[in-house]
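S.K.: Got a structure for you, questions after.
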Number of protein chains: 2
Amino acid sequence: MQKLAVGMAIRLILVGKTAEAYVREGMSLYTSRIGRYCRFSVVEIPDLKQVSALSPAQIKEKEGVEILKNIHPGDEVILLDERGKSFSSIGWAQHLEQRLAHCQKDLVFVVGGSWGFSQAVYDRGSDMLSLSKMTCSHQLIRLFFLEQLYRAFTIMKGEPYHHE
Amino acid sequence: MQKLAVGMAIRLILVGKTAEAYVREGMSLYTSRIGRYCRFSVVEIPDLKQVSALSPAQIKEKEGVEILKNIHPGDEVILLDERGKSFSSIGWAQHLEQRLAHCQKDLVFVVGGSWGFSQAVYDRGSDMLSLSKMTCSHQLIRLFFLEQLYRAFTIMKGEPYHHE
């Protein structure tokens, strides 16, 4: 595993609070595991207010503004999106290792809300990652992604967590 | 949505206890939701004892014997396996609806242990389903599958849970 560049970190931006206690518990478990391998943080964007008065397009737009506030110049942004690239866990670990080696600043993953991303967010993303062809709840996908991020680090380090 | 045949049910067989409390909590949430649409039960096969003395092949073999004890003649068996068929959530709902319409007895899904299935279990399965090209922990996959099963029923019923 290559050394991470000094000052670089991985950030996960999530749209909406983690509503379910059991999801929060699992996330905290994986977040602390991932913290052994890199500087890692999770940013939760608060849920929009009076969302029932808004159309899906308006929701995506407003969420997009909040997402972009949490992205800094130079960050490399990867959107979790069903239309993105899909990998085996090994392929994903190799891809992540390359990204980390070439990333100038922070590597930022974004999980959108139930309606997906606004065009402005798509424009800021440099790549899209798909964990599954299936649509997963925007709560559970948090757990699923964190487990894949943790798994990728164990693969890069040759640790026995992953079985082929 | 077609009516389920009388006496028919869906069963999920899991190898190994659900170790983490947060996974159990999420499973119980989805299990009760799925119970609104069909007779649904989860069978957990106890973890093998003294597993560190066994090779992966021996583990698969022993787990396979336990899995097969929980499958009855006439059951239609679908194995969750990375090499299986993959679907979008809509495609999966349509596939499940067809399966339910033609299934003679119970529809049984099986999630294996960390090392996968023995040959005897592969031979008994009539199909394989892949939720992702990525390897997911055999604990988290439980949650992921239950959410997809619940989502499939809401799609069949035209309920607003799923957003395209």
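Note on naming: chains are A, B, ... as they come in the structure tokens, residues start from 1 per chain, ligands start from 1 in the order shown.
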From chain B, collect each residue whose DSSP state is strand (DSSP E or B) and return the set as a PyMOL selection string.
M.R.: chain B and resi 10-15+40-45+76-85+107-111+113+116+127-129
S.K.: Set out as CSV a contact list for chain B and chain A with a cut-off of 6 Å, giving each residue of chain B that qualifies its closest atom pair and distance in Å to one decimal, counting only C-alpha atoms, ordered by chain and rising residue number.
M.R.:
residue,atom,partner,partner_atom,distance
B:Tyr22,CA,A:Tyr22,CA,4.5
B:Ser88,CA,A:Met134,CA,4.4
B:Ser89,CA,A:Met134,CA,4.6
B:Ser132,CA,A:Ser132,CA,4.7
B:Lys133,CA,A:Ser88,CA,5.0
B:Met134,CA,A:Ser88,CA,4.4
B:Thr135,CA,A:Ser89,CA,5.8
S.K.: So how many Å separate CA of Asp123 (chain A) and CA of Glu76 (chain A), to one decimal?
M.R.: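 Between these atoms lies a distance of 12.1 Å.
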S.K.: Could you list, as a list of chain:residue names, every residue within 9 Å of Asn70 (chain A), counting only C-alpha atoms and ignoring same-chain residues fewer than 3 positions away?
M.R.: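 Near Asn70 (chain A), the qualifying residues are A:Ile13, A:Val43, A:Ile45, A:Glu66, A:Ile67.
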S.K.: Could you pull out the residues in region 38-129 of chain A that DSSP calls helix (DSSP H, G or I) from the backbone, as a ChimeraX atom specification?
M.R.: /A:51-53,56-69,89-102,119-124
S.K.: Can you pull out every residue within 12 Å of Gln58 (chain A), counting only C-alpha atoms, but drop anything in the same chain fewer than 3 positions away, and send it as a PyMOL selection string?
M.R.: chain A and resi 48+50-55+61-65+115-119
S.K.: Could you tell me how far CA of Val111 (chain B) sits from CA of Ile78 (chain B), in Å to one decimal place?
M.R.: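 Computed distance, CA of Ile78 (chain B) to CA of Val111 (chain B), equals 9.2 Å.
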S.K.: State, in Å with one decimal place, the distance from CA of Glu97 (chain A) to CA of Phe153 (chain A).
M.R.: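 Pair CA of Glu97 (chain A) / CA of Phe153 (chain A) returns 8.6 Å.
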S.K.: Excluding Pro73 (chain B) and residues on its chain fewer than 2 positions from it, collect all residues at most 12 Å away from it, counting only C-alpha atoms, and give them as an MDAnalysis selection string.
M.R.: chainID B and resid 68:71 75:77 104:108 124
